[in-house]
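*Asks:* Contents of protein-v5.cif (mmCIF, C-alpha atoms) are given next:
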```
data_data
#
loop_
_atom_site.group_PDB
_atom_site.id
_atom_site.type_symbol
_atom_site.label_atom_id
_atom_site.label_comp_id
_atom_site.auth_asym_id
_atom_site.auth_seq_id
_atom_site.Cartn_x
_atom_site.Cartn_y
_atom_site.Cartn_z
ATOM 1 C CA MET A 1 0.000 0.000 0.000
ATOM 2 C CA SER A 2 1.333 3.458 -0.904
ATOM 3 C CA GLU A 3 -0.150 6.913 -0.518
ATOM 4 C CA LEU A 4 0.763 10.427 -1.535
ATOM 5 C CA VAL A 5 1.123 12.792 1.417
ATOM 6 C CA ASN A 6 0.612 16.417 0.396
ATOM 7 C CA THR A 7 -1.511 17.978 3.165
ATOM 8 C CA PRO A 8 -0.814 18.929 6.815
ATOM 9 C CA GLU A 9 -3.363 16.330 7.952
ATOM 10 C CA GLY A 10 -1.682 13.643 5.866
ATOM 11 C CA LEU A 11 1.667 14.622 7.375
ATOM 12 C CA ARG A 12 0.223 14.366 10.884
ATOM 13 C CA LEU A 13 -1.005 10.829 10.208
ATOM 14 C CA LEU A 14 2.343 9.923 8.646
ATOM 15 C CA ALA A 15 4.246 11.182 11.684
ATOM 16 C CA ALA A 16 2.031 9.155 14.002
ATOM 17 C CA GLU A 17 2.770 5.966 12.077
ATOM 18 C CA LEU A 18 6.497 6.647 11.947
ATOM 19 C CA GLN A 19 6.581 7.243 15.698
ATOM 20 C CA ALA A 20 5.477 3.647 16.228
ATOM 21 C CA ALA A 21 8.135 2.170 13.916
ATOM 22 C CA SER A 22 11.611 1.040 14.905
ATOM 23 C CA ASP A 23 12.910 0.830 11.314
ATOM 24 C CA ILE A 24 11.937 3.337 8.618
ATOM 25 C CA ALA A 25 12.963 3.004 4.969
ATOM 26 C CA LEU A 26 13.946 6.341 3.464
ATOM 27 C CA ASP A 27 14.719 7.615 -0.028
ATOM 28 C CA THR A 28 14.464 10.942 -1.825
ATOM 29 C CA GLU A 29 14.086 12.235 -5.352
ATOM 30 C CA GLY A 30 15.578 15.545 -6.451
ATOM 31 C CA ASN A 31 15.659 17.606 -9.613
ATOM 32 C CA SER A 32 19.424 18.044 -10.013
ATOM 33 C CA PHE A 33 19.216 16.687 -13.568
ATOM 34 C CA HIS A 34 16.895 19.538 -14.532
ATOM 35 C CA ALA A 35 17.591 22.511 -12.241
ATOM 36 C CA TYR A 36 20.640 24.596 -11.345
ATOM 37 C CA ARG A 37 19.647 24.779 -7.686
ATOM 38 C CA ASP A 38 18.528 21.247 -6.983
ATOM 39 C CA GLN A 39 16.087 20.514 -4.182
ATOM 40 C CA VAL A 40 14.388 17.553 -2.569
ATOM 41 C CA CYS A 41 11.162 17.062 -4.516
ATOM 42 C CA LEU A 42 9.853 13.821 -3.006
ATOM 43 C CA ILE A 43 10.553 11.903 0.205
ATOM 44 C CA GLN A 44 9.709 8.203 0.200
ATOM 45 C CA LEU A 45 9.178 6.417 3.520
ATOM 46 C CA ALA A 46 8.113 2.869 4.308
ATOM 47 C CA VAL A 47 7.360 0.964 7.507
ATOM 48 C CA GLY A 48 6.657 -2.736 7.965
ATOM 49 C CA LEU A 49 8.550 -5.763 6.659
ATOM 50 C CA GLU A 50 5.645 -7.540 5.012
ATOM 51 C CA ASP A 51 3.159 -5.555 2.934
ATOM 52 C CA PRO A 52 4.868 -2.294 3.932
ATOM 53 C CA HIS A 53 2.983 0.960 4.250
ATOM 54 C CA ILE A 54 4.647 3.375 1.830
ATOM 55 C CA PHE A 55 4.334 7.137 2.085
ATOM 56 C CA LEU A 56 5.272 9.462 -0.771
ATOM 57 C CA LEU A 57 5.701 12.820 0.930
ATOM 58 C CA ASP A 58 5.577 15.879 -1.338
ATOM 59 C CA PRO A 59 7.791 18.564 0.274
ATOM 60 C CA LEU A 60 6.760 21.063 -2.402
ATOM 61 C CA ALA A 61 3.197 20.884 -1.046
ATOM 62 C CA VAL A 62 3.713 20.406 2.696
ATOM 63 C CA ASP A 63 6.662 21.291 4.949
ATOM 64 C CA PRO A 64 8.265 18.019 6.131
ATOM 65 C CA ARG A 65 10.148 19.570 9.056
ATOM 66 C CA PRO A 66 7.678 18.224 11.649
ATOM 67 C CA LEU A 67 9.423 14.894 10.993
ATOM 68 C CA ALA A 68 12.747 16.280 12.259
ATOM 69 C CA GLU A 69 12.326 14.892 15.769
ATOM 70 C CA ILE A 70 11.620 11.397 14.436
ATOM 71 C CA PHE A 71 14.622 11.419 12.102
ATOM 72 C CA ALA A 72 16.913 12.614 14.891
ATOM 73 C CA ASP A 73 15.683 10.078 17.460
ATOM 74 C CA PRO A 74 18.013 7.020 17.638
ATOM 75 C CA ARG A 75 15.048 4.892 18.673
ATOM 76 C CA HIS A 76 14.112 5.012 14.982
ATOM 77 C CA ARG A 77 16.616 3.566 12.524
ATOM 78 C CA LEU A 78 16.522 5.074 9.047
ATOM 79 C CA VAL A 79 17.316 2.537 6.328
ATOM 80 C CA VAL A 80 18.693 3.953 3.075
ATOM 81 C CA HIS A 81 20.556 2.747 0.012
ATOM 82 C CA GLY A 82 23.528 4.878 -0.990
ATOM 83 C CA GLY A 83 22.276 7.497 1.444
ATOM 84 C CA ASP A 84 24.996 10.083 0.825
ATOM 85 C CA PHE A 85 22.734 12.170 -1.447
ATOM 86 C CA ASP A 86 19.699 11.764 0.797
ATOM 87 C CA VAL A 87 21.483 12.838 3.980
ATOM 88 C CA ARG A 88 23.187 15.829 2.376
ATOM 89 C CA SER A 89 20.041 16.996 0.591
ATOM 90 C CA LEU A 90 17.691 16.639 3.557
ATOM 91 C CA ARG A 91 20.148 18.442 5.821
ATOM 92 C CA ARG A 92 20.575 21.243 3.271
ATOM 93 C CA ASP A 93 16.878 21.771 2.525
ATOM 94 C CA PHE A 94 15.278 21.093 5.920
ATOM 95 C CA ALA A 95 18.116 21.092 8.483
ATOM 96 C CA PHE A 96 17.329 17.469 9.358
ATOM 97 C CA THR A 97 19.710 15.535 11.585
ATOM 98 C CA PHE A 98 19.838 11.767 11.802
ATOM 99 C CA GLY A 99 19.941 9.673 14.942
ATOM 100 C CA ARG A 100 20.677 6.170 13.631
ATOM 101 C CA MET A 101 21.077 4.753 10.146
ATOM 102 C CA PHE A 102 21.614 1.574 8.134
ATOM 103 C CA ASP A 103 22.829 1.858 4.541
ATOM 104 C CA THR A 104 22.303 -1.252 2.408
ATOM 105 C CA MET A 105 24.921 -0.157 -0.132
ATOM 106 C CA MET A 106 27.532 0.328 2.588
ATOM 107 C CA ALA A 107 26.560 -3.025 4.068
ATOM 108 C CA ALA A 108 27.096 -4.686 0.686
ATOM 109 C CA GLN A 109 30.498 -2.992 0.394
ATOM 110 C CA VAL A 110 31.596 -4.271 3.798
ATOM 111 C CA LEU A 111 30.390 -7.756 2.825
ATOM 112 C CA GLN A 112 32.338 -7.415 -0.454
ATOM 113 C CA LEU A 113 29.331 -8.404 -2.523
ATOM 114 C CA PRO A 114 29.955 -8.360 -6.286
ATOM 115 C CA GLU A 115 27.310 -5.708 -7.100
ATOM 116 C CA LEU A 116 26.233 -2.746 -4.998
ATOM 117 C CA GLY A 117 23.328 -1.168 -6.904
ATOM 118 C CA LEU A 118 19.841 -1.476 -5.467
ATOM 119 C CA VAL A 119 18.455 -3.270 -8.522
ATOM 120 C CA ALA A 120 21.214 -5.892 -8.398
ATOM 121 C CA LEU A 121 21.048 -6.328 -4.620
ATOM 122 C CA LEU A 122 17.292 -6.805 -4.553
ATOM 123 C CA LYS A 123 17.563 -9.392 -7.330
ATOM 124 C CA ARG A 124 20.439 -11.231 -5.660
ATOM 125 C CA GLU A 125 19.226 -11.173 -2.053
ATOM 126 C CA LEU A 126 15.428 -11.192 -2.361
ATOM 127 C CA GLY A 127 14.704 -12.293 -5.923
ATOM 128 C CA VAL A 128 12.882 -8.991 -6.496
ATOM 129 C CA THR A 129 13.053 -7.107 -9.802
ATOM 130 C CA ILE A 130 12.490 -3.357 -10.000
ATOM 131 C CA GLY A 131 12.852 -0.911 -12.883
ATOM 132 C CA LYS A 132 14.758 2.378 -13.099
ATOM 133 C CA GLY A 133 12.811 3.943 -15.958
ATOM 134 C CA GLU A 134 11.966 7.195 -14.159
ATOM 135 C CA GLN A 135 15.436 7.800 -12.730
ATOM 136 C CA ARG A 136 15.937 11.022 -14.679
ATOM 137 C CA SER A 137 12.391 12.329 -14.399
ATOM 138 C CA ASP A 138 11.815 15.986 -13.603
ATOM 139 C CA TRP A 139 10.672 15.491 -10.016
ATOM 140 C CA GLY A 140 10.118 19.223 -9.590
ATOM 141 C CA ARG A 141 7.162 19.301 -12.014
ATOM 142 C CA ARG A 142 3.636 18.930 -10.742
ATOM 143 C CA PRO A 143 1.461 16.967 -10.877
ATOM 144 C CA LEU A 144 3.625 13.885 -10.539
ATOM 145 C CA ARG A 145 2.677 11.157 -12.982
ATOM 146 C CA ALA A 146 1.387 7.766 -11.856
ATOM 147 C CA GLU A 147 4.518 6.172 -13.335
ATOM 148 C CA GLN A 148 6.745 8.413 -11.221
ATOM 149 C CA LEU A 149 4.854 7.600 -8.036
ATOM 150 C CA ALA A 150 5.010 3.856 -8.752
ATOM 151 C CA TYR A 151 8.758 4.073 -9.415
ATOM 152 C CA ALA A 152 9.365 6.074 -6.232
ATOM 153 C CA ALA A 153 7.428 3.568 -4.130
ATOM 154 C CA GLU A 154 9.497 0.655 -5.439
ATOM 155 C CA ASP A 155 12.717 2.265 -4.204
ATOM 156 C CA VAL A 156 11.641 1.800 -0.562
ATOM 157 C CA ARG A 157 9.222 -1.136 -0.786
ATOM 158 C CA ASN A 158 11.887 -3.779 -0.125
ATOM 159 C CA LEU A 159 14.558 -1.792 1.721
ATOM 160 C CA LEU A 160 13.656 -3.097 5.192
ATOM 161 C CA PRO A 161 13.723 -6.811 4.235
ATOM 162 C CA LEU A 162 16.989 -6.194 2.372
ATOM 163 C CA ALA A 163 18.506 -4.477 5.409
ATOM 164 C CA ARG A 164 17.441 -7.330 7.689
ATOM 165 C CA LYS A 165 19.080 -9.910 5.432
ATOM 166 C CA LEU A 166 22.301 -7.938 5.025
ATOM 167 C CA GLU A 167 22.460 -7.238 8.750
ATOM 168 C CA ALA A 168 22.268 -10.971 9.449
ATOM 169 C CA GLN A 169 25.135 -11.561 7.015
ATOM 170 C CA LEU A 170 27.213 -8.834 8.662
ATOM 171 C CA LEU A 171 26.623 -10.372 12.056
ATOM 172 C CA ALA A 172 27.528 -13.857 10.832
ATOM 173 C CA ALA A 173 30.718 -12.530 9.233
ATOM 174 C CA GLY A 174 31.731 -10.578 12.338
ATOM 175 C CA LYS A 175 31.549 -7.325 10.342
ATOM 176 C CA LEU A 176 28.547 -5.596 11.877
ATOM 177 C CA ALA A 177 30.642 -3.217 13.988
ATOM 178 C CA LEU A 178 32.697 -2.262 10.931
ATOM 179 C CA ALA A 179 29.525 -1.473 8.961
ATOM 180 C CA GLU A 180 28.011 0.485 11.840
ATOM 181 C CA ALA A 181 31.107 2.674 11.958
ATOM 182 C CA GLN A 182 30.401 3.574 8.311
ATOM 183 C CA PHE A 183 26.742 4.262 9.082
ATOM 184 C CA GLU A 184 27.833 6.600 11.875
ATOM 185 C CA LYS A 185 29.902 8.652 9.413
ATOM 186 C CA LEU A 186 26.978 8.752 6.997
ATOM 187 C CA ARG A 187 24.589 10.422 9.405
ATOM 188 C CA HIS A 188 26.988 13.341 9.925
ATOM 189 C CA LEU A 189 27.466 14.259 6.255
ATOM 190 C CA VAL A 190 26.741 17.853 5.249
ATOM 191 C CA ALA A 191 25.801 19.336 1.883
ATOM 192 C CA ARG A 192 28.582 20.297 -0.484
ATOM 193 C CA GLU A 193 28.733 23.892 -1.676
ATOM 194 C CA LYS A 194 28.016 24.231 -5.388
ATOM 195 C CA SER A 195 31.060 25.625 -7.161
ATOM 196 C CA PHE A 196 31.809 26.806 -10.675
ATOM 197 C CA ASP A 197 35.244 26.524 -12.293
ATOM 198 C CA THR A 198 35.584 29.447 -14.692
ATOM 199 C CA GLY A 199 38.507 27.813 -16.461
ATOM 200 C CA ALA A 200 37.017 24.339 -16.927
ATOM 201 C CA PHE A 201 35.986 25.129 -20.514
ATOM 202 C CA ARG A 202 39.557 24.254 -21.556
ATOM 203 C CA ARG A 203 38.930 20.654 -20.427
ATOM 204 C CA ILE A 204 35.827 20.140 -22.568
ATOM 205 C CA LYS A 205 36.294 17.371 -25.112
ATOM 206 C CA GLY A 206 37.453 18.981 -28.358
ATOM 207 C CA ALA A 207 38.686 22.220 -26.777
ATOM 208 C CA ARG A 208 42.350 21.313 -27.249
ATOM 209 C CA GLY A 209 41.955 21.580 -31.009
ATOM 210 C CA LEU A 210 40.824 25.218 -30.868
ATOM 211 C CA ASN A 211 43.053 28.220 -31.414
ATOM 212 C CA GLU A 212 43.150 31.138 -28.989
ATOM 213 C CA GLY A 213 40.455 33.096 -30.799
ATOM 214 C CA GLN A 214 38.121 30.131 -30.823
ATOM 215 C CA LEU A 215 38.861 29.533 -27.150
ATOM 216 C CA ARG A 216 37.687 33.088 -26.426
ATOM 217 C CA VAL A 217 34.346 32.174 -27.975
ATOM 218 C CA LEU A 218 34.199 28.968 -25.948
ATOM 219 C CA GLU A 219 35.000 30.846 -22.749
ATOM 220 C CA ALA A 220 32.250 33.384 -23.436
ATOM 221 C CA LEU A 221 29.793 30.550 -24.025
ATOM 222 C CA TRP A 222 30.935 28.744 -20.859
ATOM 223 C CA LEU A 223 30.471 31.837 -18.692
ATOM 224 C CA GLY A 224 27.257 32.898 -20.442
ATOM 225 C CA ARG A 225 25.712 29.460 -20.070
ATOM 226 C CA GLU A 226 26.433 29.540 -16.346
ATOM 227 C CA ARG A 227 24.787 32.971 -15.984
ATOM 228 C CA LEU A 228 21.659 31.797 -17.778
ATOM 229 C CA ALA A 229 21.521 28.519 -15.843
ATOM 230 C CA LEU A 230 21.679 30.409 -12.553
ATOM 231 C CA GLU A 231 19.139 33.010 -13.632
ATOM 232 C CA LEU A 232 16.633 30.493 -15.036
ATOM 233 C CA ASN A 233 17.377 27.713 -12.512
ATOM 234 C CA ARG A 234 18.089 25.213 -15.261
ATOM 235 C CA ALA A 235 20.775 22.571 -15.485
ATOM 236 C CA PRO A 236 23.570 24.108 -17.639
ATOM 237 C CA PHE A 237 23.419 21.346 -20.251
ATOM 238 C CA LYS A 238 19.748 22.239 -20.746
ATOM 239 C CA ILE A 239 20.894 25.672 -21.964
ATOM 240 C CA ILE A 240 23.403 24.279 -24.458
ATOM 241 C CA GLY A 241 25.439 21.077 -24.538
ATOM 242 C CA GLU A 242 29.220 21.038 -24.412
ATOM 243 C CA GLN A 243 29.716 19.629 -27.896
ATOM 244 C CA ALA A 244 27.436 22.301 -29.351
ATOM 245 C CA MET A 245 29.572 24.872 -27.533
ATOM 246 C CA VAL A 246 32.717 23.462 -29.108
ATOM 247 C CA GLU A 247 31.104 23.487 -32.551
ATOM 248 C CA VAL A 248 30.065 27.137 -32.169
ATOM 249 C CA SER A 249 33.625 27.978 -31.156
ATOM 250 C CA ARG A 250 35.065 26.037 -34.089
ATOM 251 C CA ARG A 251 32.848 27.852 -36.610
ATOM 252 C CA VAL A 252 33.133 31.314 -35.013
ATOM 253 C CA PRO A 253 29.789 32.564 -36.440
ATOM 254 C CA ARG A 254 29.792 36.240 -37.366
ATOM 255 C CA ASP A 255 26.007 36.769 -37.445
ATOM 256 C CA LEU A 256 22.997 35.476 -35.570
ATOM 257 C CA GLU A 257 21.710 33.317 -38.397
ATOM 258 C CA SER A 258 25.035 31.509 -38.651
ATOM 259 C CA LEU A 259 24.939 30.948 -34.903
ATOM 260 C CA ARG A 260 21.385 29.646 -35.104
ATOM 261 C CA SER A 261 22.394 27.134 -37.779
ATOM 262 C CA VAL A 262 24.823 25.307 -35.479
ATOM 263 C CA PRO A 263 23.251 22.012 -34.322
ATOM 264 C CA GLY A 264 22.311 22.158 -30.659
ATOM 265 C CA VAL A 265 22.012 25.944 -30.478
ATOM 266 C CA GLY A 266 18.546 26.997 -29.384
ATOM 267 C CA ASP A 267 16.695 30.277 -29.557
ATOM 268 C CA LEU A 268 17.548 31.100 -25.936
ATOM 269 C CA VAL A 269 21.289 31.093 -26.653
ATOM 270 C CA VAL A 270 20.808 33.152 -29.800
ATOM 271 C CA ARG A 271 18.641 35.735 -28.032
ATOM 272 C CA ARG A 272 20.590 36.035 -24.799
ATOM 273 C CA LEU A 273 24.181 35.328 -25.804
ATOM 274 C CA GLY A 274 24.252 35.725 -29.577
ATOM 275 C CA GLN A 275 25.270 39.370 -29.885
ATOM 276 C CA GLU A 276 28.053 38.939 -27.358
ATOM 277 C CA LEU A 277 29.414 35.920 -29.215
ATOM 278 C CA ILE A 278 29.423 37.380 -32.716
ATOM 279 C CA GLU A 279 31.181 40.545 -31.497
ATOM 280 C CA ILE A 280 34.155 38.685 -29.987
ATOM 281 C CA PRO A 281 37.214 39.799 -31.986
ATOM 282 C CA VAL A 282 38.819 36.683 -33.458
ATOM 283 C CA SER A 283 40.840 35.869 -36.516
ATOM 284 C CA THR A 284 39.390 33.560 -39.156
ATOM 285 C CA PRO A 285 39.647 29.957 -37.878
ATOM 286 C CA ASN A 286 42.010 27.580 -39.611
#
```
Mind turning the file's structure into structure tokens?

*Replies:*
Amino acid sequence: MSELVNTPEGLRLLAAELQAASDIALDTEGNSFHAYRDQVCLIQLAVGLEDPHIFLLDPLAVDPRPLAEIFADPRHRLVVHGGDFDVRSLRRDFAFTFGRMFDTMMAAQVLQLPELGLVALLKRELGVTIGKGEQRSDWGRRPLRAEQLAYAAEDVRNLLPLARKLEAQLLAAGKLALAEAQFEKLRHLVAREKSFDTGAFRRIKGARGLNEGQLRVLEALWLGRERLALELNRAPFKIIGEQAMVEVSRRVPRDLESLRSVPGVGDLVVRRLGQELIEIPVSTPN
């Protein structure tokens, strides 16, 4: 059973159920693939080993911070898979802290299992098959599609049984303490500051073949793309892809129509960056 939680009353009922649980499966979905300033767009929670109750909490509709006390309480163990992103993002967006955790990916690493991904682990340990078709969905758009909600629910549906099985293996191997030391580090992670390397355009594939004049065009595109991405809150590659940037720089267009004719150059780049690009003083490319 899964339900979408997007009202204060739904959140109150969710909190009451979590308070009664010792283990809580946790996952998040963000929009980093689509936005410059990524944010947590969905929080998936599950309680119960058999026929788990799954909650899909929409933090764009209801403030999840009333759950902070539950997350911070070590009487509740939060079970995640590859929880680095989840911990950092939830701390950044909602100032959550975490009392006790179990990470199934870290557990698999300590056990030296051959594959660490959730899909592979669920298949190997539980004989469960899940899909990853919505992995790059735009989770910031509303309403969420039924396919997105079904995908999100599957990410936590079997986390608690998986954790129980891996924990038993850790105990049998005498490695539980080693894994728990890793879980302890996980719960203290903080968000990384987003940074922009102004000189990284020189490391784009194909940039080494450009002369200095062409590199000036590429640099202008690199810096201009970043400005637009920040202003419009879009992922930079959504403004223009790197190979299109290199092609513009190679051709050095001298008018807007020539710029527009380069594959991968959209109207936004022409309108907002075009005049700047065609006015860059460069010699004719070789």

*Asks:* Evaluate the PyMOL selection byres ((chain A and resi 237-244) around 7) against this structure - the residues, as number ranges by chain, please.

*Replies:* A: 204, 225, 229, 234-236, 245-248, 263-265

*Asks:* Near region 123-137 of chain A, within 9 Å and counting only C-alpha atoms, which residues show up once chain neighbours fewer than 6 positions away are dropped, as an MDAnalysis selection string?

*Replies:* chainID A and resid 29 31 33:34 115 147:148 151:152 154:155 158 161:162 165:166

*Asks:* Could you check which of A:Leu60, A:Leu171, A:Ala179, A:Leu122 is closest to Met106 (chain A), using all atoms listed in the file?

*Replies:* A:Ala179

*Asks:* Residue by residue, what does the PyMOL selection byres ((chain A and resi 183) around 10) grab here? Present the result as a list in words.

*Replies:*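 Applying the PyMOL selection byres ((chain A and resi 183) around 10) to the structure shown produces Val79, Gly83, Arg100, Met101, Phe102, Asp103, Thr104, Met106, Ala107, Ala177, Leu178, Ala179, Glu180, Ala181, Gln182, Glu184, Lys185, Leu186, Arg187 and His188 of chain A.
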
*Asks:* Is there a way to get, as a PyMOL selection string, all residues within 12 Å of the point (19.9, 10.9, 1.1) in file coordinates, counting only C-alpha atoms?

*Replies:* chain A and resi 25-30+39-40+42-45+78-93+96-98+101-103+186-191

*Asks:* CA of Ala168 (chain A) to CA of Val110 (chain A): how many Å, to one decimal?

*Replies:*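 Interatomic distance here is 12.8 Å.
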
*Asks:* Extract, using all atoms listed in the file, all DNA, RNA and protein residues at most 7 Å from Pro59 (chain A), discarding same-chain residues fewer than 4 positions from it, and format them as a list in words.

*Replies:*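 Once the adjacent positions are removed, what remains is Cys41, Leu42, Asp63 and Pro64 of chain A.
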
*Asks:* Which one is closest to Leu144 (chain A): A:Asp38, A:Asp51, A:Asp58, A:Asp255? Count all atoms listed in the file.

*Replies:*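 Going through A:Asp38, A:Asp51, A:Asp58, A:Asp255 one by one, the smallest distance to Leu144 (chain A) is for A:Asp58.
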
*Asks:* For the provided coordinates, the residues matched by the PyMOL selection byres ((chain A and resi 270-278) around 8) should be stated as a PDB file with C-alpha atoms, keeping the file's coordinate frame.

*Replies:*
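What follows is the written file selection24.pdb:
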```pdb
ATOM      1  CA  VAL A 217      34.346  32.174 -27.975  1.00  0.00           C
ATOM      2  CA  ALA A 220      32.250  33.384 -23.436  1.00  0.00           C
ATOM      3  CA  LEU A 221      29.793  30.550 -24.025  1.00  0.00           C
ATOM      4  CA  GLY A 224      27.257  32.898 -20.442  1.00  0.00           C
ATOM      5  CA  VAL A 252      33.133  31.314 -35.013  1.00  0.00           C
ATOM      6  CA  PRO A 253      29.789  32.564 -36.440  1.00  0.00           C
ATOM      7  CA  ARG A 254      29.792  36.240 -37.366  1.00  0.00           C
ATOM      8  CA  ASP A 255      26.007  36.769 -37.445  1.00  0.00           C
ATOM      9  CA  LEU A 256      22.997  35.476 -35.570  1.00  0.00           C
ATOM     10  CA  LEU A 259      24.939  30.948 -34.903  1.00  0.00           C
ATOM     11  CA  ARG A 260      21.385  29.646 -35.104  1.00  0.00           C
ATOM     12  CA  VAL A 265      22.012  25.944 -30.478  1.00  0.00           C
ATOM     13  CA  GLY A 266      18.546  26.997 -29.384  1.00  0.00           C
ATOM     14  CA  ASP A 267      16.695  30.277 -29.557  1.00  0.00           C
ATOM     15  CA  LEU A 268      17.548  31.100 -25.936  1.00  0.00           C
ATOM     16  CA  VAL A 269      21.289  31.093 -26.653  1.00  0.00           C
ATOM     17  CA  GLU A 279      31.181  40.545 -31.497  1.00  0.00           C
ATOM     18  CA  ILE A 280      34.155  38.685 -29.987  1.00  0.00           C
TER      19      ILE A 280
END
```

*Asks:* Enclose all atoms of region 91-105 of chain A listed in the file in an axis-aligned box, grow every side by 5 Å, and hand back centre and edge lengths in Å to one decimal, as lines of an AutoDock Vina configuration file.

*Replies:*
```
center_x = 20.1
center_y = 10.3
center_z = 7.4
size_x = 19.6
size_y = 33.0
size_z = 25.1
```

*Asks:* Mind giving me the straight-line distance from CA of Ala95 (chain A) to CA of Val62 (chain A) in Å, one decimal?

*Replies:*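 Rounded to one decimal, the two atoms are 15.5 Å apart.
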
*Asks:* Using all atoms listed in the file, which of the listed residues (A:Glu50, A:Leu149, A:Ile24, A:Asp73) sits closest to Glu3 (chain A)?

*Replies:*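 Counting all atoms listed in the file, the residue closest to Glu3 (chain A) is A:Leu149.
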
*Asks:* How many Å lie between CA of Arg216 (chain A) and CA of Leu232 (chain A), rounded to one decimal?

*Replies:*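 Going from CA of Arg216 (chain A) over to CA of Leu232 (chain A) covers 24.1 Å.
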
*Asks:* A:Gly213, A:Glu257, A:Ala120, A:Ala35: which is nearest Gly140 (chain A), counting only C-alpha atoms?

*Replies:*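 Among the listed residues, the smallest separation from Gly140 (chain A) belongs to A:Ala35.
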
*Asks:* Considering all atoms listed in the file, state which residue in the set A:Gly10, A:Ser249, A:Ala61, A:His53 is at the smallest distance from Arg142 (chain A).

*Replies:*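 Among the listed residues, A:Ala61 lies closest to Arg142 (chain A).
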
*Asks:* Given the choices A:Ile54, A:Ala146, A:Leu49, A:Val262, which gets closest to Arg164 (chain A) if the distance is worked out from only C-alpha atoms?

*Replies:*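 That would be A:Leu49, the residue with the smallest distance to Arg164 (chain A).
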
*Asks:* Give me the residues near region 16-20 of chain A as number ranges by chain, where near means some atom within 8 Å (using all atoms listed in the file) and where sequence neighbours in that chain fewer than 2 positions away do not count.

*Replies:* A: 12-14, 22, 24, 47, 70, 76
